[in-house]
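Asks: Below is the structure I would like to discuss, written out as structure tokens.
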Amino acid sequence: MFRFKWNYFTLFLLLPFVLHGQEGDSMKVYWFDPVDITGKKMELYSNSLTIQRDNLENLLAYGGISLIKKGVFFAQDVYADGLKKGDINIVIDGERFHPACVNRMDAPVSRINPLEMETLELMKGSSGLQSGIGGVIALHRKSPGKEPFILASAGGVAGASSAFDLSVAGGLKDNRLSLHFVKGTPYTNGDGKAFSELYGYKDNYNFTLAEASYQGETGDWRYGASVAYTENITFPYLQMDERFNRLFSANVSYKGHKIYANYTSHLMNNDLRVSMMQMETDARNLTIGVVGSFYEAYFRKWNSDNFIKMPTMLINNALMPGVNQYFASVSHQIKTGDFTFGGKAGVSYFNLDKEEVKTYYQRVWSDPKTTSFFPVVGLSAAWSQAIGSEFAIGVMAEAAAELPETEALFVAVRRAPSGSSWVGNPALNQPLKTGLRATLLSKIARLELYANHVSNFVYLDRKSAGGTNFVTYRNINAMLAGANFAFEYKFIDILASYTWAENRSDATPLAEIMPLRVVTKLTSPKWMDMVFFVRHTWSDGQTRVDPAVSETVTPAWNRLDAGVSGEFRGVKASLEVENITNANYQSHLSYFRDPFKAGFKVYEPGLMVRLNFGYGL
């Protein structure tokens with residue numbers, strides 16, 4: 001049953017929704033908009049027991065978010081409303097997990113341990129405390145709880161991929177220990193071809209994930225630590241793969257004021273490939289931060305050393321030359337009548353340990369800086385109103401000044417004369433976003449319309465200097481507009497999203513924009529404690545492309561999934577078949593255009609069968 005409250009706004013502006021887990025249940029969906037809606041519960045995973053890393057897209061699709069799949073299941077990044085990757089911050093209990101890989105092999109979405117998570121908030125505005133220019137995805141860990149408990153989940157995948165996923169968590173007296181282990185092989189496409197046939201690998205190498213975490217509480221104190229390890233995560237759209245990644249993190253908080261730190265050691269190379277050239281990058285990232293309900297500050301140190309070895313040449317690169325970032329911001333909201341005003345303000349300062357890299361920047365830029373200072377500002381005004389007892393409407397306007405991505409400022413990679421070298425642009429101006437967003441809600445549907453203009457949008461560029469071709473970055477003006485639609489009535493769910501985007505500086509389509517996508521799901525009534533579903537996904541072809549950055553057209557595709565789930569004596573089980581027709585297709589965002597690109601569009605998996613069992617979930 002719905003209940004609309006007049007004159008009430010969410011704490012965070014811009015139409016957030018919250019995915020909320022309840023004791024003894026799988027995750028539920030609660031929508032929180034400028035008008036509060038209570039009581040709306042939707043089984044998000046009637047066919048799945050846990051949020052597994054290889055099916056996060058089904059979860060995030062409810063907010064109009066897609067995942068950019070770069071290879072095997074952990075190789076994912078986020079996309080929403082034409083913005084992507086570093087435009088959308090991902091935080092876990094306020095903690096930032098910056099990538100160590102300059103190509104985001106270890107994107108923050110890979111830090112999500114499904115068994116630990118309780119809620120997920122999506123806020124697409126730029127005035128929230130930890131929002132980027134495209135918003136923030138904020139996840140929150142479950143509280144350990146005082147009563148003894150044990151949770152367990154075991155899953156397996158067969159068909160186009162072979163993998164198994166084992167999770168267990170237990171605790172008592174406000175302490176919890178979680179363990180997670182995954183092992184598998186890269187998938188085959190709809191034609192049954194493996195990575196070794198498609199992308200020049202020597203073999204179809206197994207991948208591994210292992211992670212452990214601890215969380216505890218004592219009175220007003222909360223604390224935790226975690227360690228994670230991955231091995232042989234293959235990235236066919238790049239020329240290198242993640243050979244291993246080690247992540248260590250710890251946090252302690254008192255009455256909501258938190259201190260945290262995380263350190264990543266990341267090694268990538270092309271040893272798994274058939275190649276006459278050897279490449280390797282050793283990257284490290286340290287983040288130390290403090291965060292509370294209205295403030296945030298952090299220090300980030302990023303080092304990345306690269307070498308490229310050929311029979312007649314050895315090139316050493318300070319790929320990320322010891323970049324130090326200092327960041328601090330505060331935020332505040334004011335509610336008055338039917339309006340809510342929000343704002344944030346902060347500063348960020350960058351400097352380099354290896355100032356000698358300036359001579360490399362000078363090959364392209366006449367007077368490059370090795371320090372940068374940027375103010376961070378976000379302002380928003382929202383109005384919302386209930387229309388009778390059946391409908392509600394909300395409108396929000398915003399303006400924001402955000403940071404360019406660090407790698408766009410300072411990356412430095414010299415390559416062989418036959419390839420393009422990669423150089424940052426330390427003189428980049430910061431993106432300035434102005435936007436308008438409106439949402440119309442009813443008991444069974446949600447329509448979200450948006451339009452954003454981004455001045456100084458950071459965009460790929462190509463230059464030639466001294467007989468060398470360079471890939472670098474420039475500022476352009478960009479326009480992005482679109483819609484997200486969700487419909488739920490009894491046994492049918494429909495999700496649709498579309499973005500139109502234009503490079504206004506060049507009067508050409510903006511690159512890397514998803515085409516229209518529609519997902520339709522039919523769910524049966526419960527029968528003998530079982531629920532069946534059928535899900536169809538249709539993606540239109542993307543013909544609006546930018547050839548100047550080597551973008552090509554992607555054809556339309558269809559995918560059909562089906563499954564059943566049930567529960568017997570406390571044990572939940574589910575069986576799902578994905579891509580029943582074994583369609584051979586590619587997502588439009590599966591092609592990378594930076595210098596370490598492999599030149600391949602990455603195929604999606606063929607037919608897969610997923611079987612899961614869970615206890616205590």
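The chains in the structure tokens are called A, B, ... from first to last as shown; in each chain the residues are counted from 1, and the ligands are counted from 1 in the order shown.
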Can you write out as CSV which residues of stretch 174-257 of chain A fall within 10 Å of stretch 74-83 of chain A, alongside each residue's closest atom pair and its distance in Å to one decimal, counting only C-alpha atoms and ordering rows by chain and ascending residue number?
Replies:
```
residue,atom,partner,partner_atom,distance
A:Phe207,CA,A:Phe74,CA,9.6
A:Leu209,CA,A:Phe74,CA,9.0
A:Thr230,CA,A:Phe74,CA,9.3
A:Ile233,CA,A:Ala75,CA,7.4
A:Thr234,CA,A:Ala75,CA,7.9
A:Phe235,CA,A:Ala75,CA,7.0
A:Glu242,CA,A:Ala75,CA,9.5
```
Asks: If you keep N, CA, C and O atoms, can you produce a file of those selected residues as a PDB file, in the first residue's frame?
Replies:
```pdb
ATOM      1  N   PHE A 207      40.464 -17.959 -13.408  1.00  0.00           N
ATOM      2  CA  PHE A 207      40.542 -16.767 -12.571  1.00  0.00           C
ATOM      3  C   PHE A 207      40.143 -17.145 -11.145  1.00  0.00           C
ATOM      4  O   PHE A 207      39.426 -18.123 -10.911  1.00  0.00           O
ATOM      5  N   LEU A 209      39.169 -15.420  -7.100  1.00  0.00           N
ATOM      6  CA  LEU A 209      38.910 -14.349  -6.144  1.00  0.00           C
ATOM      7  C   LEU A 209      38.837 -14.968  -4.757  1.00  0.00           C
ATOM      8  O   LEU A 209      38.169 -15.989  -4.552  1.00  0.00           O
ATOM      9  N   THR A 230      42.766 -11.194  -6.070  1.00  0.00           N
ATOM     10  CA  THR A 230      42.303 -11.731  -7.350  1.00  0.00           C
ATOM     11  C   THR A 230      43.514 -12.101  -8.197  1.00  0.00           C
ATOM     12  O   THR A 230      44.597 -11.527  -8.048  1.00  0.00           O
ATOM     13  N   ILE A 233      42.687 -12.167 -13.941  1.00  0.00           N
ATOM     14  CA  ILE A 233      41.436 -11.588 -14.441  1.00  0.00           C
ATOM     15  C   ILE A 233      41.719 -11.057 -15.847  1.00  0.00           C
ATOM     16  O   ILE A 233      42.475 -10.094 -16.019  1.00  0.00           O
ATOM     17  N   THR A 234      41.146 -11.693 -16.843  1.00  0.00           N
ATOM     18  CA  THR A 234      41.490 -11.385 -18.233  1.00  0.00           C
ATOM     19  C   THR A 234      40.621 -10.263 -18.795  1.00  0.00           C
ATOM     20  O   THR A 234      39.409 -10.253 -18.621  1.00  0.00           O
ATOM     21  N   PHE A 235      41.276  -9.337 -19.494  1.00  0.00           N
ATOM     22  CA  PHE A 235      40.644  -8.146 -20.059  1.00  0.00           C
ATOM     23  C   PHE A 235      40.881  -8.099 -21.567  1.00  0.00           C
ATOM     24  O   PHE A 235      41.782  -7.408 -22.045  1.00  0.00           O
ATOM     25  N   GLU A 242      44.962  -8.403 -15.586  1.00  0.00           N
ATOM     26  CA  GLU A 242      45.289  -8.318 -14.171  1.00  0.00           C
ATOM     27  C   GLU A 242      45.848  -9.657 -13.707  1.00  0.00           C
ATOM     28  O   GLU A 242      45.133 -10.633 -13.587  1.00  0.00           O
TER      29      GLU A 242
END
```
Asks: Run DSSP on the backbone and grab whatever in stretch 294-498 of chain A lands in strand (DSSP E); send it over as a PyMOL selection string.
Replies: chain A and resi 295-310+313-336+339-352+371-387+391-401+412-413+421-423+432-442+445-465+468-489+492-498
Asks: With only C-alpha atoms as the atoms that count, which of A:Pro605, A:Gly171, A:Gly135, A:Pro515 lies nearest to A:Val553?
Replies: A:Pro515
Asks: Determine, for each residue of stretch 527-551 of chain A having at least one atom at most 7 Å from an atom of stretch 563-585 of chain A, the closest pair of atoms and their separation in Å to one decimal, counting only C-alpha atoms; order by chain and ascending number, as JSON lines.
Replies:
```
{"residue": "A:Asp529", "atom": "CA", "partner": "A:Gly566", "partner_atom": "CA", "distance": 5.5}
{"residue": "A:Met530", "atom": "CA", "partner": "A:Gly566", "partner_atom": "CA", "distance": 4.3}
{"residue": "A:Val531", "atom": "CA", "partner": "A:Ser565", "partner_atom": "CA", "distance": 5.4}
{"residue": "A:Phe532", "atom": "CA", "partner": "A:Val564", "partner_atom": "CA", "distance": 4.3}
{"residue": "A:Phe533", "atom": "CA", "partner": "A:Gly563", "partner_atom": "CA", "distance": 5.4}
{"residue": "A:Val534", "atom": "CA", "partner": "A:Gly563", "partner_atom": "CA", "distance": 6.7}
```
Asks: How would the residues just chosen look if you wrote them out with N, CA, C and O atoms as a PDB file, in the first residue's frame?
Replies:
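This went into out37.pdb:
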```pdb
ATOM      1  N   ASP A 529       5.595 -23.169  -3.209  1.00  0.00           N
ATOM      2  CA  ASP A 529       6.753 -22.441  -2.699  1.00  0.00           C
ATOM      3  C   ASP A 529       7.810 -22.173  -3.771  1.00  0.00           C
ATOM      4  O   ASP A 529       8.983 -21.946  -3.461  1.00  0.00           O
ATOM      5  N   MET A 530       7.397 -22.180  -5.032  1.00  0.00           N
ATOM      6  CA  MET A 530       8.312 -21.875  -6.124  1.00  0.00           C
ATOM      7  C   MET A 530       7.772 -20.709  -6.948  1.00  0.00           C
ATOM      8  O   MET A 530       6.554 -20.524  -7.064  1.00  0.00           O
ATOM      9  N   VAL A 531       8.697 -19.932  -7.516  1.00  0.00           N
ATOM     10  CA  VAL A 531       8.363 -18.815  -8.394  1.00  0.00           C
ATOM     11  C   VAL A 531       9.175 -18.967  -9.681  1.00  0.00           C
ATOM     12  O   VAL A 531      10.384 -19.213  -9.641  1.00  0.00           O
ATOM     13  N   PHE A 532       8.492 -18.831 -10.818  1.00  0.00           N
ATOM     14  CA  PHE A 532       9.139 -18.930 -12.127  1.00  0.00           C
ATOM     15  C   PHE A 532       9.209 -17.537 -12.755  1.00  0.00           C
ATOM     16  O   PHE A 532       8.365 -16.672 -12.484  1.00  0.00           O
ATOM     17  N   PHE A 533      10.192 -17.327 -13.612  1.00  0.00           N
ATOM     18  CA  PHE A 533      10.266 -16.049 -14.317  1.00  0.00           C
ATOM     19  C   PHE A 533      10.823 -16.262 -15.718  1.00  0.00           C
ATOM     20  O   PHE A 533      11.548 -17.230 -15.997  1.00  0.00           O
ATOM     21  N   VAL A 534      10.485 -15.323 -16.593  1.00  0.00           N
ATOM     22  CA  VAL A 534      11.068 -15.210 -17.929  1.00  0.00           C
ATOM     23  C   VAL A 534      11.441 -13.742 -18.117  1.00  0.00           C
ATOM     24  O   VAL A 534      10.652 -12.843 -17.809  1.00  0.00           O
TER      25      VAL A 534
END
```
Asks: Please provide as number ranges by chain all residues within 7 Å of stretch 364-375 of chain A, with the sequence filter that same-chain residues fewer than 4 positions apart are discarded (counting only C-alpha atoms).
Replies: A: 346-352, 355, 358, 403, 426-427, 465
Asks: Write the residues of the preceding selection, restricted to N, CA and C atoms, as a CSV table (one decimal), in the first residue's frame.
Replies:
```
chain,number,residue,atom,x,y,z
A,346,GLY,N,34.1,22.4,-1.6
A,346,GLY,CA,35.4,21.7,-1.3
A,346,GLY,C,36.5,22.1,-2.1
A,347,VAL,N,37.7,21.6,-1.9
A,347,VAL,CA,38.9,21.9,-2.7
A,347,VAL,C,39.7,20.6,-2.9
A,348,SER,N,40.4,20.6,-4.0
A,348,SER,CA,41.3,19.4,-4.2
A,348,SER,C,42.6,20.0,-4.8
A,349,TYR,N,43.7,19.4,-4.3
A,349,TYR,CA,45.0,19.9,-4.7
A,349,TYR,C,45.9,18.6,-5.1
A,350,PHE,N,46.6,18.7,-6.3
A,350,PHE,CA,47.4,17.7,-6.8
A,350,PHE,C,48.8,18.1,-6.9
A,351,ASN,N,49.8,17.3,-6.6
A,351,ASN,CA,51.2,17.5,-6.9
A,351,ASN,C,51.8,16.1,-7.2
A,352,LEU,N,53.0,16.2,-7.8
A,352,LEU,CA,53.7,15.0,-8.3
A,352,LEU,C,55.0,14.8,-7.5
A,355,GLU,N,58.7,15.0,-10.6
A,355,GLU,CA,58.6,16.2,-11.4
A,355,GLU,C,59.3,16.1,-12.7
A,358,LYS,N,57.7,16.1,-16.3
A,358,LYS,CA,57.3,17.4,-16.9
A,358,LYS,C,57.9,17.4,-18.3
A,403,LEU,N,35.8,17.5,-10.5
A,403,LEU,CA,37.2,17.3,-10.8
A,403,LEU,C,37.4,16.5,-12.1
A,426,PRO,N,47.8,18.3,-18.2
A,426,PRO,CA,47.7,19.0,-16.9
A,426,PRO,C,47.0,20.3,-16.9
A,427,ALA,N,46.7,20.8,-18.1
A,427,ALA,CA,46.0,22.1,-18.2
A,427,ALA,C,44.5,22.0,-18.4
A,465,ALA,N,53.3,15.2,-32.5
A,465,ALA,CA,54.4,16.1,-32.2
A,465,ALA,C,55.7,15.4,-32.3
```
Asks: Between A:Ala382, A:Gly394, A:Ala318, A:Leu238, which residue has the minimum interatomic distance to A:Tyr360, considering only C-alpha atoms?
Replies: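 Selected residue with least distance to A:Tyr360: A:Ala318.
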Asks: Would you please work out which residue, of A:Asn103, A:Ile387, A:Arg96, A:Glu502, is nearest to A:Lys258 when using only C-alpha atoms?
Replies: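 Closest to A:Lys258 of all the choices is A:Arg96.
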Asks: Using only C-alpha atoms, which of the listed residues (A:Asp93, A:Phe195, A:Gly289, A:Leu495) sits closest to A:Arg446?
Replies: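 The answer is A:Leu495, which sits nearest to A:Arg446.
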Asks: Could you give me, as a PyMOL selection string, each residue of stretch 191-317 of chain A that DSSP assigns to alpha helix (DSSP H) when run on this structure's backbone?
Replies: chain A and resi 195-198
Asks: Just the selected residues (N, CA and C atoms), exported as a tab-separated table (two decimals), in the first residue's frame, please.
Replies:
```
chain	number	residue	atom	x	y	z
A	195	PHE	N	38.19	-17.27	-25.18
A	195	PHE	CA	39.08	-16.12	-25.26
A	195	PHE	C	40.33	-16.44	-26.06
A	196	SER	N	40.82	-17.67	-25.96
A	196	SER	CA	42.04	-18.05	-26.68
A	196	SER	C	41.83	-18.02	-28.19
A	197	GLU	N	40.61	-18.26	-28.64
A	197	GLU	CA	40.31	-18.22	-30.08
A	197	GLU	C	40.00	-16.80	-30.55
A	198	LEU	N	39.38	-16.00	-29.68
A	198	LEU	CA	38.88	-14.70	-30.08
A	198	LEU	C	39.89	-13.57	-29.92
```
Asks: Set the distance at 10 Å and use only C-alpha atoms: which residues neighbour A:His180 once local chain neighbours fewer than 4 positions away are removed? I'd like the list as a PyMOL selection string.
Replies: chain A and resi 113-115+152-154+165-169+209-213+228
Asks: Record the distance separating atom CA of A:Lys335 and atom CA of A:Met123, expressed in Å with one decimal.
Replies: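 Calculated distance between atom CA of A:Lys335 and atom CA of A:Met123 is 17.9 Å.
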Asks: Give the answer as one residue: which of A:Lys301, A:Lys601, A:Lys433, A:Arg414 has the shortest atom-to-atom distance to A:Phe327, using only C-alpha atoms?
Replies: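 Among A:Lys301, A:Lys601, A:Lys433, A:Arg414, it is A:Lys301 that comes nearest to A:Phe327.
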Asks: Find the spatial neighbours of A:Ala163, counting only C-alpha atoms, within a cut-off of 10 Å - ignore same-chain residues fewer than 4 positions away - and output them as a list in words.
Replies: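 The contact residues come out as Gly155, Gly156, Val157, Ala158, Gly159, Val182, Lys183, Gly184, Thr185, Pro186, Tyr187, Asn206, Phe207, Thr208 and Arg610 of chain A.
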Asks: Please produce a file of the residues just selected, as a PDB file, in the first residue's frame, where the atoms kept are N, CA, C and O atoms.
Replies:
```
ATOM      1  N   GLY A 155      27.156 -21.399  -5.187  1.00  0.00           N
ATOM      2  CA  GLY A 155      26.620 -21.304  -6.534  1.00  0.00           C
ATOM      3  C   GLY A 155      27.576 -21.873  -7.551  1.00  0.00           C
ATOM      4  O   GLY A 155      28.793 -21.920  -7.331  1.00  0.00           O
ATOM      5  N   GLY A 156      27.027 -22.306  -8.656  1.00  0.00           N
ATOM      6  CA  GLY A 156      27.823 -22.825  -9.748  1.00  0.00           C
ATOM      7  C   GLY A 156      27.278 -22.371 -11.073  1.00  0.00           C
ATOM      8  O   GLY A 156      26.076 -22.132 -11.221  1.00  0.00           O
ATOM      9  N   VAL A 157      28.174 -22.217 -12.041  1.00  0.00           N
ATOM     10  CA  VAL A 157      27.796 -21.813 -13.385  1.00  0.00           C
ATOM     11  C   VAL A 157      28.343 -22.844 -14.359  1.00  0.00           C
ATOM     12  O   VAL A 157      29.498 -23.279 -14.239  1.00  0.00           O
ATOM     13  N   ALA A 158      27.521 -23.252 -15.302  1.00  0.00           N
ATOM     14  CA  ALA A 158      27.931 -24.195 -16.342  1.00  0.00           C
ATOM     15  C   ALA A 158      27.458 -23.672 -17.688  1.00  0.00           C
ATOM     16  O   ALA A 158      26.652 -22.759 -17.775  1.00  0.00           O
ATOM     17  N   GLY A 159      27.970 -24.281 -18.735  1.00  0.00           N
ATOM     18  CA  GLY A 159      27.615 -23.856 -20.085  1.00  0.00           C
ATOM     19  C   GLY A 159      28.726 -23.020 -20.676  1.00  0.00           C
ATOM     20  O   GLY A 159      29.867 -23.481 -20.809  1.00  0.00           O
ATOM     21  N   VAL A 182      35.813 -17.488  -5.146  1.00  0.00           N
ATOM     22  CA  VAL A 182      35.275 -17.747  -6.478  1.00  0.00           C
ATOM     23  C   VAL A 182      36.410 -18.259  -7.365  1.00  0.00           C
ATOM     24  O   VAL A 182      37.533 -17.741  -7.316  1.00  0.00           O
ATOM     25  N   LYS A 183      36.116 -19.255  -8.175  1.00  0.00           N
ATOM     26  CA  LYS A 183      37.083 -19.743  -9.159  1.00  0.00           C
ATOM     27  C   LYS A 183      36.326 -20.148 -10.410  1.00  0.00           C
ATOM     28  O   LYS A 183      35.231 -20.718 -10.341  1.00  0.00           O
ATOM     29  N   GLY A 184      36.904 -19.840 -11.568  1.00  0.00           N
ATOM     30  CA  GLY A 184      36.231 -20.194 -12.805  1.00  0.00           C
ATOM     31  C   GLY A 184      37.103 -19.956 -14.015  1.00  0.00           C
ATOM     32  O   GLY A 184      38.280 -19.602 -13.904  1.00  0.00           O
ATOM     33  N   THR A 185      36.515 -20.162 -15.169  1.00  0.00           N
ATOM     34  CA  THR A 185      37.201 -19.937 -16.443  1.00  0.00           C
ATOM     35  C   THR A 185      36.470 -18.872 -17.233  1.00  0.00           C
ATOM     36  O   THR A 185      35.251 -18.706 -17.091  1.00  0.00           O
ATOM     37  N   PRO A 186      37.172 -18.105 -18.077  1.00  0.00           N
ATOM     38  CA  PRO A 186      36.501 -17.129 -18.936  1.00  0.00           C
ATOM     39  C   PRO A 186      35.439 -17.802 -19.813  1.00  0.00           C
ATOM     40  O   PRO A 186      35.581 -18.953 -20.205  1.00  0.00           O
ATOM     41  N   TYR A 187      34.417 -17.048 -20.119  1.00  0.00           N
ATOM     42  CA  TYR A 187      33.276 -17.594 -20.854  1.00  0.00           C
ATOM     43  C   TYR A 187      33.564 -17.713 -22.348  1.00  0.00           C
ATOM     44  O   TYR A 187      34.484 -17.090 -22.881  1.00  0.00           O
ATOM     45  N   ASN A 206      42.251 -19.930 -15.817  1.00  0.00           N
ATOM     46  CA  ASN A 206      41.355 -19.830 -14.674  1.00  0.00           C
ATOM     47  C   ASN A 206      41.553 -18.491 -13.960  1.00  0.00           C
ATOM     48  O   ASN A 206      42.666 -17.972 -13.883  1.00  0.00           O
ATOM     49  N   PHE A 207      40.464 -17.959 -13.408  1.00  0.00           N
ATOM     50  CA  PHE A 207      40.542 -16.767 -12.571  1.00  0.00           C
ATOM     51  C   PHE A 207      40.143 -17.145 -11.145  1.00  0.00           C
ATOM     52  O   PHE A 207      39.426 -18.123 -10.911  1.00  0.00           O
ATOM     53  N   THR A 208      40.624 -16.355 -10.180  1.00  0.00           N
ATOM     54  CA  THR A 208      40.394 -16.642  -8.772  1.00  0.00           C
ATOM     55  C   THR A 208      40.113 -15.350  -8.015  1.00  0.00           C
ATOM     56  O   THR A 208      40.743 -14.322  -8.275  1.00  0.00           O
ATOM     57  N   ARG A 610      22.909 -21.263 -14.193  1.00  0.00           N
ATOM     58  CA  ARG A 610      23.363 -20.850 -12.870  1.00  0.00           C
ATOM     59  C   ARG A 610      22.513 -21.552 -11.802  1.00  0.00           C
ATOM     60  O   ARG A 610      21.285 -21.439 -11.802  1.00  0.00           O
TER      61      ARG A 610
END
```
